[in-house]
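Below: the structure, in structure tokens.
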Amino acid sequence: MRWNTTFIPTLKEDPADAEVISHRLLVRAGMIRQVSRGIYDYLPLALKVIRKIENIVRQEMDRAGAQELLLPIASPAELWQESGRWEVYGKELFRFKDRHERDFCLGPTHEEVITDLVRRVVRSYREIPFNLYQIQIKFRDEVRPRFGLMRGREFIMKDAYSFHADMEDCRREYEKMFQTYKRIFTRCGLNFRPVEADTGAIGGTLSHEFQVLADSGEDALVSCNSCDYAANVMKGEIKAQRLSGRNLKESSPPLKKVATPGKKSVAEVAEFLSLPTAKFIKTLVYKVDQKELVAVLVRGDHEVNALKLKLALNCQEASLADEARVDETTHVVPGFLGPIGLGLRIVADQAIQGIRGAVTGANEENFHYLEVDQERDFTPSAFADLRMAMAGDPCPRCDHGALESYRGIEVGQIFYLGKKYSEAMGATYLDAEGREQPLEMGCYGIGITRLLAAAVEQNHDANGIIWPFSIAPFHVLLLPVQYKEKAIREVADSLYEELLKRGLEVLMDDRDERPGVKFKDADLIGIPLRITIGAKGLGKGCVEMRRRREGQTEEVPVGEAANKIHLFVTEALKV
RNA sequence: CGGGGCGUAGCGCAGCCUGGUAGCGCGCACGCUUGGGGUGCGUGAGGUCACCGGUUCAAAUCCGGUCGCCCCGACCA
């Protein structure tokens, strides 16, 4: 392709509305433009990368025996009402009415649609298993779209759904997809890690996320420094605590009430009393399912995991109650709350069980209790794992490992769904004994456009993007320093033709621009291999071959250039 | 949903406080110049100052409202 006739509107300056690096570079490189919040145009260069990613995904999904299909973007409310998600999904589900006033939504994911298709077709165990996937635009009306392509409202996704007779077969497919995903992300040239994950709005009981490691990532992760345990913090398990042999004879010193004027947060009180935050019991009031207030206790240095809390309380929704509400019910200013004498139902994290010598609010403004002894002073209605995993925690899977924390961008997630959708929507088959059984299901997603952004987050330098070869928009950029000059043009043209003939993807910068402009743009758009053709090299009968990533330059005789470039690209694509 | 910020030429910004009819850099067009990391000089085109309303002789500027976009938060008592 010749630059003169392409549509690659590069920008010298960072766009004012872009914050994260991938967003800035993708806009500057002329790859994306924003249309509305969380909605973008994909320009030709970006589309080339998207197609590359899609093709890798297709090849690997097909190799794993899955089949591609295409489901509609809009689906009728009835399907979502059947699964119960019309009510549950909330505002993220973009709803609208057609001209006949019938309710529809834009698909944020397609379990309902595919289950509906499959239930109308599958009758017998002989017709399963199979795995169907599509690559398509999804729409989720995110609370807060941000970071360019990383969290958009409209995005491209590969989603796959598999159907099985029993759990064993479904688990087998899950494992196959796990391996397939590893191949896909490896081929895309990403540094990633699979982690155990929560199943969120999709549902099911087993799930892994594939996280591209990046400090700018939205997800907090933990992994063991000794075994291969890794999880999203939302899912991260806490090693069950052994109650260290508590000496029952030894009695605790009596409760002591101390003045802590104006000190509300654990950090403030801890500093005021010169005590470590681990000695504190935090008392948080949650509103459960829009009605009951429940007090949740965690250690001062721990954080409540709302997800685990919901599980423990077996409720739909649990969020911090607002101050006014807390005040009205307990007559205590938040900040001085404590479990002793609090007129609310109490649930406590397991780390609170048996705690002694602790500090809590005294349920009286400007006072805290010291020497709190859980067994003596208060009894929660339940103890459970309610907190977020964090760095330094002992590994829940092995004996001596400790957890480390890092951040990631979730580019893929796989779920074992079980019978959640098949039972709700009556997707069944007849087994060999003629009995009707609900189908077992799995589902498997990859965020294609988010993967594109993640690749940039992980592969760039001060000058621009550095595409991994496998997903680069072009393999080679030919850069004739002065295309106008006959000698240079002739070499550039013949090299261009020769490389195309060999099946390489080549972009030729035939613009009549200053060399500096061309070099800057070349770095910005990040084609992995750049061939400079200029008077300097031609004087020696050479062109220059430069790798974008390493910056390493090599002079190659004109006659050998095509061969050498071809060989280099072939090698680079082998990985 | 709460808080903060922004909206002036294609892009990045100044002007607004202290009202007097719009400016800089880049880009764009043309000419000369230059020609291996965003050349230099000159000439020129390009703006309902987001929108609606108000105050005023006069509004980009002051006041009220609306819309759009960005950032932070929406969980730590």
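Letters A, B, ... go to the chains of the structure tokens in the order shown; residues in each chain start at 1; ligands are counted from 1 in the same order.
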Residues of chain A within 6 Å of chain B: nearest atom pair and distance (Å, one decimal) for each, counting only C-alpha atoms (C1' of nucleotides), sorted by chain and number, as CSV?
residue,atom,partner,partner_atom,distance
A:Asp17,CA,B:C70,C1',5.4
A:Leu284,CA,B:A77,C1',5.9
A:Pro334,CA,B:A77,C1',4.6
A:Gly335,CA,B:A77,C1',3.9
A:Gly516,CA,B:G37,C1',4.3
A:Val517,CA,B:G38,C1',4.9
A:Phe519,CA,B:G37,C1',5.9
Those residues with N, CA and C atoms, as a PDB file, in the first residue's frame please?
ATOM      1  N   ASP A  17      -8.227  14.891  24.929  1.00  0.00           N
ATOM      2  CA  ASP A  17      -9.125  14.067  25.738  1.00  0.00           C
ATOM      3  C   ASP A  17      -8.603  12.659  26.004  1.00  0.00           C
ATOM      4  N   LEU A 284     -18.191  -1.721  59.298  1.00  0.00           N
ATOM      5  CA  LEU A 284     -18.796  -1.057  58.144  1.00  0.00           C
ATOM      6  C   LEU A 284     -20.258  -1.456  58.061  1.00  0.00           C
ATOM      7  N   PRO A 334     -20.653   7.422  61.815  1.00  0.00           N
ATOM      8  CA  PRO A 334     -19.707   6.452  61.272  1.00  0.00           C
ATOM      9  C   PRO A 334     -18.298   6.933  61.611  1.00  0.00           C
ATOM     10  N   GLY A 335     -17.446   6.034  61.970  1.00  0.00           N
ATOM     11  CA  GLY A 335     -16.115   6.427  62.411  1.00  0.00           C
ATOM     12  C   GLY A 335     -15.928   6.024  63.863  1.00  0.00           C
ATOM     13  N   GLY A 516      12.515  13.875   8.240  1.00  0.00           N
ATOM     14  CA  GLY A 516      12.191  13.862   9.667  1.00  0.00           C
ATOM     15  C   GLY A 516      10.731  13.492   9.918  1.00  0.00           C
ATOM     16  N   VAL A 517       9.855  14.060   9.114  1.00  0.00           N
ATOM     17  CA  VAL A 517       8.431  13.770   9.258  1.00  0.00           C
ATOM     18  C   VAL A 517       8.168  12.292   9.040  1.00  0.00           C
ATOM     19  N   PHE A 519      10.292   9.751   9.315  1.00  0.00           N
ATOM     20  CA  PHE A 519      10.860   8.932  10.390  1.00  0.00           C
ATOM     21  C   PHE A 519       9.972   8.972  11.638  1.00  0.00           C
TER      22      PHE A 519
END
Could you give me, as a ChimeraX atom specification, the residues within 8 Å of Glu555 (chain A), counting only C-alpha atoms (C1' of nucleotides) and dropping anything in the same chain fewer than 5 positions from it?
/A:537,542-545
Those in region 88-242 of chain A with alpha helix (DSSP H) from DSSP, as a ChimeraX atom specification:
/A:88,111-119,167-187
List as a ChimeraX atom specification the protein and nucleic acid residues near Gln211 (chain A), meaning an atom at most 9 Å away when only C-alpha atoms (C1' of nucleotides) are counted, but skip any in the same chain fewer than 4 places from it.
/A:191-195,217,219,221,407-413
With only C-alpha atoms (C1' of nucleotides) as the counted atoms, please give the residues lying no more than 8 Å from Gly38 (chain A), apart from itself and same-chain residues fewer than 5 positions off, as a list in words.
Pro145, Arg146, Gly148, Leu149, Arg151, Gly152, Arg153 and Glu154 of chain A
Determine, counting only C-alpha atoms (C1' of nucleotides), which protein, DNA and RNA residues have an atom within 12 Å of an atom of A29 (chain B); residues of the same chain fewer than 5 positions away are not included. Present the result as a list in words.
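Counting only C-alpha atoms (C1' of nucleotides), the residues come to U43, G44, A45 and G46 of chain B.
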Saved selection, atoms kept: C-alpha atoms (C1' of nucleotides), as a PDB file, in the first residue's frame:
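Listing of result_18.pdb after writing:
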ATOM      1  C1'   U B  43       2.018  35.376   1.295  1.00  0.00           C
ATOM      2  C1'   G B  44      -2.858  33.505   2.067  1.00  0.00           C
ATOM      3  C1'   A B  45      -7.431  30.800   3.231  1.00  0.00           C
ATOM      4  C1'   G B  46      -9.956  29.220   7.408  1.00  0.00           C
TER       5        G B  46
END
Non-local contacts of region 61-65 of chain B (8 Å; only C-alpha atoms (C1' of nucleotides); under 3 positions in same chain excluded) as a list in words:
C16, G19, C52, G53, G54 and U55 of chain B
Could you build a table of the residues in region 220-280 of chain A lying no more than 12 Å from region 378-394 of chain A, giving for each the nearest pair of atoms and their separation in Å rounded to one decimal place, using only C-alpha atoms, ordered by chain and ascending residue number, as a Markdown table?
| residue | atom | partner | partner_atom | distance |
| --- | --- | --- | --- | --- |
| A:Ala220 | CA | A:Met390 | CA | 9.3 |
| A:Leu221 | CA | A:Met390 | CA | 8.6 |
| A:Val222 | CA | A:Met390 | CA | 6.9 |
| A:Ser223 | CA | A:Ala391 | CA | 8.6 |
| A:Cys224 | CA | A:Pro394 | CA | 8.3 |
| A:Asn225 | CA | A:Pro394 | CA | 9.9 |
| A:Ser226 | CA | A:Pro394 | CA | 10.4 |
| A:Cys227 | CA | A:Pro394 | CA | 11.5 |
| A:Tyr229 | CA | A:Pro394 | CA | 11.3 |
| A:Ala230 | CA | A:Ala389 | CA | 11.0 |
| A:Ala231 | CA | A:Ala389 | CA | 9.1 |
| A:Asn232 | CA | A:Ala389 | CA | 8.8 |
| A:Val233 | CA | A:Ala389 | CA | 5.4 |
| A:Met234 | CA | A:Met388 | CA | 6.3 |
| A:Lys235 | CA | A:Met388 | CA | 8.0 |
| A:Gly236 | CA | A:Ala389 | CA | 5.3 |
| A:Glu237 | CA | A:Ala389 | CA | 6.5 |
| A:Ile238 | CA | A:Ala389 | CA | 6.3 |
| A:Lys239 | CA | A:Pro394 | CA | 6.4 |
| A:Ala240 | CA | A:Asp385 | CA | 8.4 |
| A:Gln241 | CA | A:Asp385 | CA | 10.0 |
| A:Leu255 | CA | A:Phe378 | CA | 11.9 |
Would you write out those residues with all heavy atoms, as a compact mmCIF listing (two decimals), in the first residue's frame?
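And here is the file that came out, selection_17.txt:
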# COMPACT_ATOMS: atom_id res chain seq x y z
N ALA A 220 -6.92 -5.73 39.79
CA ALA A 220 -5.88 -6.08 40.76
C ALA A 220 -5.82 -7.59 40.87
O ALA A 220 -6.85 -8.26 40.96
CB ALA A 220 -6.20 -5.45 42.10
N LEU A 221 -4.61 -8.12 40.81
CA LEU A 221 -4.43 -9.57 40.81
C LEU A 221 -3.46 -9.97 41.92
O LEU A 221 -2.64 -9.17 42.37
CB LEU A 221 -3.83 -10.01 39.47
CG LEU A 221 -4.44 -9.39 38.22
CD1 LEU A 221 -3.60 -9.75 36.99
CD2 LEU A 221 -5.86 -9.88 38.04
N VAL A 222 -3.57 -11.22 42.34
CA VAL A 222 -2.56 -11.76 43.25
C VAL A 222 -2.07 -13.09 42.69
O VAL A 222 -2.82 -13.79 42.02
CB VAL A 222 -3.11 -11.99 44.68
CG1 VAL A 222 -3.36 -10.67 45.38
CG2 VAL A 222 -4.37 -12.83 44.66
N SER A 223 -0.82 -13.39 42.95
CA SER A 223 -0.32 -14.69 42.54
C SER A 223 0.67 -15.18 43.58
O SER A 223 1.28 -14.38 44.30
CB SER A 223 0.35 -14.62 41.17
OG SER A 223 1.58 -13.95 41.27
N CYS A 224 0.83 -16.49 43.65
CA CYS A 224 1.72 -17.09 44.64
C CYS A 224 3.14 -17.04 44.13
O CYS A 224 3.39 -17.28 42.95
CB CYS A 224 1.30 -18.52 44.90
SG CYS A 224 2.41 -19.37 46.04
N ASN A 225 4.07 -16.74 45.02
CA ASN A 225 5.47 -16.70 44.59
C ASN A 225 6.11 -18.08 44.61
O ASN A 225 7.29 -18.23 44.34
CB ASN A 225 6.27 -15.72 45.46
CG ASN A 225 6.24 -16.11 46.93
OD1 ASN A 225 5.76 -17.19 47.28
ND2 ASN A 225 6.76 -15.24 47.77
N SER A 226 5.30 -19.08 44.94
CA SER A 226 5.88 -20.41 45.05
C SER A 226 5.18 -21.46 44.17
O SER A 226 5.83 -22.26 43.51
CB SER A 226 5.85 -20.84 46.52
OG SER A 226 6.20 -22.18 46.65
N CYS A 227 3.84 -21.41 44.13
CA CYS A 227 3.15 -22.36 43.25
C CYS A 227 2.49 -21.58 42.12
O CYS A 227 2.73 -20.39 41.97
CB CYS A 227 2.12 -23.17 44.03
SG CYS A 227 0.69 -22.24 44.58
N TYR A 229 -0.63 -20.72 41.70
CA TYR A 229 -1.90 -20.09 42.04
C TYR A 229 -1.89 -18.61 41.65
O TYR A 229 -0.94 -17.89 41.94
CB TYR A 229 -2.18 -20.21 43.54
CG TYR A 229 -3.45 -19.51 43.98
CD1 TYR A 229 -4.68 -20.05 43.70
CD2 TYR A 229 -3.39 -18.29 44.64
CE1 TYR A 229 -5.85 -19.40 44.07
CE2 TYR A 229 -4.55 -17.63 45.02
CZ TYR A 229 -5.78 -18.19 44.73
OH TYR A 229 -6.93 -17.54 45.10
N ALA A 230 -2.94 -18.18 40.98
CA ALA A 230 -3.09 -16.76 40.63
C ALA A 230 -4.57 -16.47 40.56
O ALA A 230 -5.35 -17.29 40.08
CB ALA A 230 -2.43 -16.46 39.29
N ALA A 231 -4.97 -15.30 41.02
CA ALA A 231 -6.40 -14.98 41.02
C ALA A 231 -6.61 -13.48 40.98
O ALA A 231 -5.75 -12.69 41.37
CB ALA A 231 -7.07 -15.55 42.27
N ASN A 232 -7.80 -13.11 40.50
CA ASN A 232 -8.24 -11.74 40.62
C ASN A 232 -8.49 -11.51 42.12
O ASN A 232 -9.00 -12.39 42.79
CB ASN A 232 -9.56 -11.59 39.83
CG ASN A 232 -9.96 -10.15 39.68
OD1 ASN A 232 -10.13 -9.44 40.65
ND2 ASN A 232 -10.12 -9.72 38.44
N VAL A 233 -8.16 -10.32 42.63
CA VAL A 233 -8.36 -10.12 44.08
C VAL A 233 -9.81 -10.31 44.49
O VAL A 233 -10.09 -10.68 45.62
CB VAL A 233 -7.93 -8.72 44.60
CG1 VAL A 233 -6.44 -8.59 44.65
CG2 VAL A 233 -8.56 -7.64 43.78
N MET A 234 -10.72 -10.03 43.57
CA MET A 234 -12.12 -10.20 43.90
C MET A 234 -12.42 -11.67 44.21
O MET A 234 -13.37 -11.98 44.93
CB MET A 234 -12.99 -9.75 42.73
CG MET A 234 -12.84 -8.28 42.40
SD MET A 234 -13.15 -7.23 43.82
CE MET A 234 -14.93 -7.04 43.69
N LYS A 235 -11.62 -12.53 43.63
CA LYS A 235 -11.86 -13.96 43.78
C LYS A 235 -10.86 -14.57 44.76
O LYS A 235 -11.09 -15.65 45.31
CB LYS A 235 -11.71 -14.62 42.39
CG LYS A 235 -11.86 -16.11 42.35
CD LYS A 235 -13.30 -16.53 42.50
CE LYS A 235 -13.43 -18.05 42.46
NZ LYS A 235 -14.81 -18.46 42.71
N GLY A 236 -9.75 -13.90 44.95
CA GLY A 236 -8.63 -14.44 45.73
C GLY A 236 -9.05 -15.02 47.07
O GLY A 236 -9.68 -14.36 47.88
N GLU A 237 -8.69 -16.29 47.27
CA GLU A 237 -9.08 -16.94 48.52
C GLU A 237 -8.11 -16.58 49.62
O GLU A 237 -6.97 -16.25 49.38
CB GLU A 237 -9.07 -18.46 48.33
CG GLU A 237 -10.06 -18.93 47.28
CD GLU A 237 -9.73 -20.33 46.80
OE1 GLU A 237 -9.16 -21.11 47.59
OE2 GLU A 237 -10.01 -20.62 45.63
N ILE A 238 -8.62 -16.69 50.83
CA ILE A 238 -7.78 -16.45 51.99
C ILE A 238 -7.54 -17.78 52.66
O ILE A 238 -8.48 -18.57 52.84
CB ILE A 238 -8.50 -15.51 53.00
CG1 ILE A 238 -8.98 -14.25 52.30
CG2 ILE A 238 -7.60 -15.21 54.18
CD1 ILE A 238 -7.90 -13.41 51.67
N LYS A 239 -6.31 -18.04 52.98
CA LYS A 239 -6.00 -19.32 53.62
C LYS A 239 -6.78 -19.42 54.93
O LYS A 239 -6.79 -18.49 55.73
CB LYS A 239 -4.51 -19.39 53.91
CG LYS A 239 -4.05 -20.77 54.30
CD LYS A 239 -2.54 -20.86 54.21
CE LYS A 239 -2.12 -22.31 54.14
NZ LYS A 239 -0.80 -22.46 53.55
N ALA A 240 -7.44 -20.55 55.11
CA ALA A 240 -8.21 -20.74 56.34
C ALA A 240 -7.28 -20.58 57.54
O ALA A 240 -6.15 -21.07 57.52
CB ALA A 240 -8.84 -22.12 56.34
N GLN A 241 -7.76 -19.86 58.53
CA GLN A 241 -6.90 -19.58 59.67
C GLN A 241 -7.02 -20.67 60.72
O GLN A 241 -8.11 -21.08 61.07
CB GLN A 241 -7.34 -18.26 60.29
CG GLN A 241 -7.57 -17.21 59.24
CD GLN A 241 -6.94 -15.90 59.61
OE1 GLN A 241 -7.13 -15.41 60.71
NE2 GLN A 241 -6.15 -15.38 58.71
N LEU A 255 -12.25 -4.14 79.25
CA LEU A 255 -12.47 -3.13 78.22
C LEU A 255 -12.10 -1.75 78.73
O LEU A 255 -12.34 -1.44 79.90
CB LEU A 255 -13.96 -3.08 77.86
CG LEU A 255 -14.51 -3.91 76.72
CD1 LEU A 255 -15.94 -3.49 76.45
CD2 LEU A 255 -13.66 -3.73 75.47
List every residue of region 108-194 of chain A that DSSP, applied to the backbone, labels as strand (DSSP E), and write the result as a PyMOL selection string.
chain A and resi 130-139+154-164+192-194
Next, write the just-selected residues to a file, as an mmCIF file, in the first residue's frame, keeping N, CA, C and O atoms as the atom set.
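Generated output (part_9.cif):
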data_model
loop_
_atom_site.group_PDB
_atom_site.id
_atom_site.type_symbol
_atom_site.label_atom_id
_atom_site.label_comp_id
_atom_site.auth_asym_id
_atom_site.auth_seq_id
_atom_site.Cartn_x
_atom_site.Cartn_y
_atom_site.Cartn_z
ATOM 1 N N PHE A 130 -20.918 -29.518 20.867
ATOM 2 C CA PHE A 130 -20.339 -28.618 19.872
ATOM 3 C C PHE A 130 -20.048 -27.270 20.523
ATOM 4 O O PHE A 130 -20.512 -26.989 21.629
ATOM 5 N N ASN A 131 -19.258 -26.497 19.808
ATOM 6 C CA ASN A 131 -18.840 -25.200 20.332
ATOM 7 C C ASN A 131 -19.023 -24.182 19.210
ATOM 8 O O ASN A 131 -18.476 -24.342 18.117
ATOM 9 N N LEU A 132 -19.832 -23.168 19.457
ATOM 10 C CA LEU A 132 -20.127 -22.155 18.433
ATOM 11 C C LEU A 132 -19.569 -20.802 18.860
ATOM 12 O O LEU A 132 -19.696 -20.422 20.010
ATOM 13 N N TYR A 133 -18.954 -20.111 17.904
ATOM 14 C CA TYR A 133 -18.438 -18.789 18.277
ATOM 15 C C TYR A 133 -18.760 -17.768 17.204
ATOM 16 O O TYR A 133 -19.077 -18.112 16.069
ATOM 17 N N GLN A 134 -18.679 -16.504 17.617
ATOM 18 C CA GLN A 134 -18.867 -15.414 16.674
ATOM 19 C C GLN A 134 -17.892 -14.299 17.042
ATOM 20 O O GLN A 134 -17.397 -14.224 18.160
ATOM 21 N N ILE A 135 -17.611 -13.461 16.046
ATOM 22 C CA ILE A 135 -16.813 -12.266 16.304
ATOM 23 C C ILE A 135 -17.688 -11.108 15.880
ATOM 24 O O ILE A 135 -18.080 -11.024 14.721
ATOM 25 N N GLN A 136 -17.998 -10.244 16.831
ATOM 26 C CA GLN A 136 -19.075 -9.308 16.562
ATOM 27 C C GLN A 136 -19.016 -8.110 17.494
ATOM 28 O O GLN A 136 -18.336 -8.144 18.518
ATOM 29 N N ILE A 137 -19.722 -7.069 17.130
ATOM 30 C CA ILE A 137 -19.760 -5.883 17.974
ATOM 31 C C ILE A 137 -20.748 -6.087 19.117
ATOM 32 O O ILE A 137 -21.854 -6.570 18.919
ATOM 33 N N LYS A 138 -20.277 -5.728 20.309
ATOM 34 C CA LYS A 138 -21.132 -5.814 21.495
ATOM 35 C C LYS A 138 -21.385 -4.405 21.994
ATOM 36 O O LYS A 138 -20.591 -3.499 21.758
ATOM 37 N N PHE A 139 -22.494 -4.239 22.695
ATOM 38 C CA PHE A 139 -22.757 -2.934 23.295
ATOM 39 C C PHE A 139 -23.116 -3.093 24.762
ATOM 40 O O PHE A 139 -24.036 -3.819 25.100
ATOM 41 N N GLU A 154 -19.077 0.410 23.074
ATOM 42 C CA GLU A 154 -19.192 -0.480 21.934
ATOM 43 C C GLU A 154 -17.820 -1.079 21.686
ATOM 44 O O GLU A 154 -16.819 -0.361 21.692
ATOM 45 N N PHE A 155 -17.756 -2.385 21.494
ATOM 46 C CA PHE A 155 -16.455 -3.013 21.305
ATOM 47 C C PHE A 155 -16.628 -4.317 20.552
ATOM 48 O O PHE A 155 -17.742 -4.850 20.453
ATOM 49 N N ILE A 156 -15.515 -4.805 20.008
ATOM 50 C CA ILE A 156 -15.587 -6.053 19.257
ATOM 51 C C ILE A 156 -15.166 -7.203 20.157
ATOM 52 O O ILE A 156 -14.184 -7.098 20.898
ATOM 53 N N MET A 157 -15.944 -8.266 20.107
ATOM 54 C CA MET A 157 -15.678 -9.386 20.989
ATOM 55 C C MET A 157 -15.847 -10.700 20.245
ATOM 56 O O MET A 157 -16.663 -10.813 19.349
ATOM 57 N N LYS A 158 -15.019 -11.648 20.632
ATOM 58 C CA LYS A 158 -15.238 -13.025 20.187
ATOM 59 C C LYS A 158 -15.912 -13.707 21.340
ATOM 60 O O LYS A 158 -15.400 -13.668 22.462
ATOM 61 N N ASP A 159 -17.081 -14.292 21.108
ATOM 62 C CA ASP A 159 -17.696 -15.059 22.186
ATOM 63 C C ASP A 159 -18.090 -16.433 21.671
ATOM 64 O O ASP A 159 -18.600 -16.588 20.563
ATOM 65 N N ALA A 160 -17.799 -17.411 22.503
ATOM 66 C CA ALA A 160 -18.053 -18.800 22.118
ATOM 67 C C ALA A 160 -18.901 -19.471 23.190
ATOM 68 O O ALA A 160 -18.829 -19.120 24.364
ATOM 69 N N TYR A 161 -19.733 -20.426 22.753
ATOM 70 C CA TYR A 161 -20.622 -21.125 23.675
ATOM 71 C C TYR A 161 -20.583 -22.604 23.330
ATOM 72 O O TYR A 161 -20.743 -22.978 22.164
ATOM 73 N N SER A 162 -20.358 -23.444 24.337
ATOM 74 C CA SER A 162 -20.322 -24.872 24.052
ATOM 75 C C SER A 162 -21.433 -25.594 24.797
ATOM 76 O O SER A 162 -21.884 -25.150 25.859
ATOM 77 N N PHE A 163 -21.882 -26.689 24.207
ATOM 78 C CA PHE A 163 -23.032 -27.431 24.732
ATOM 79 C C PHE A 163 -22.682 -28.897 24.883
ATOM 80 O O PHE A 163 -22.128 -29.510 23.957
ATOM 81 N N HIS A 164 -23.004 -29.449 26.041
ATOM 82 C CA HIS A 164 -22.562 -30.811 26.366
ATOM 83 C C HIS A 164 -23.632 -31.597 27.097
ATOM 84 O O HIS A 164 -24.552 -31.028 27.677
ATOM 85 N N PHE A 192 1.051 -12.352 29.317
ATOM 86 C CA PHE A 192 -0.239 -12.474 29.981
ATOM 87 C C PHE A 192 -0.187 -13.549 31.060
ATOM 88 O O PHE A 192 0.790 -14.286 31.185
ATOM 89 N N ARG A 193 -1.282 -13.620 31.803
ATOM 90 C CA ARG A 193 -1.361 -14.634 32.849
ATOM 91 C C ARG A 193 -2.813 -15.029 33.081
ATOM 92 O O ARG A 193 -3.675 -14.160 33.227
ATOM 93 N N PRO A 194 -3.111 -16.330 33.098
ATOM 94 C CA PRO A 194 -4.462 -16.754 33.451
ATOM 95 C C PRO A 194 -4.643 -16.693 34.960
ATOM 96 O O PRO A 194 -3.734 -17.080 35.697
#
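With CA of Ala306 (chain A) on one side and CA of Gly401 (chain A) on the other, the separation reads 25.7 Å.
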Shell of 9 Å around Asp512 (chain A), only C-alpha atoms (C1' of nucleotides), local chain residues under 5 positions omitted, as a list in words
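Neighbouring residues, sequence-local ones excluded: Asn4, Val481, Gln482, Tyr483 and Lys484 of chain A.
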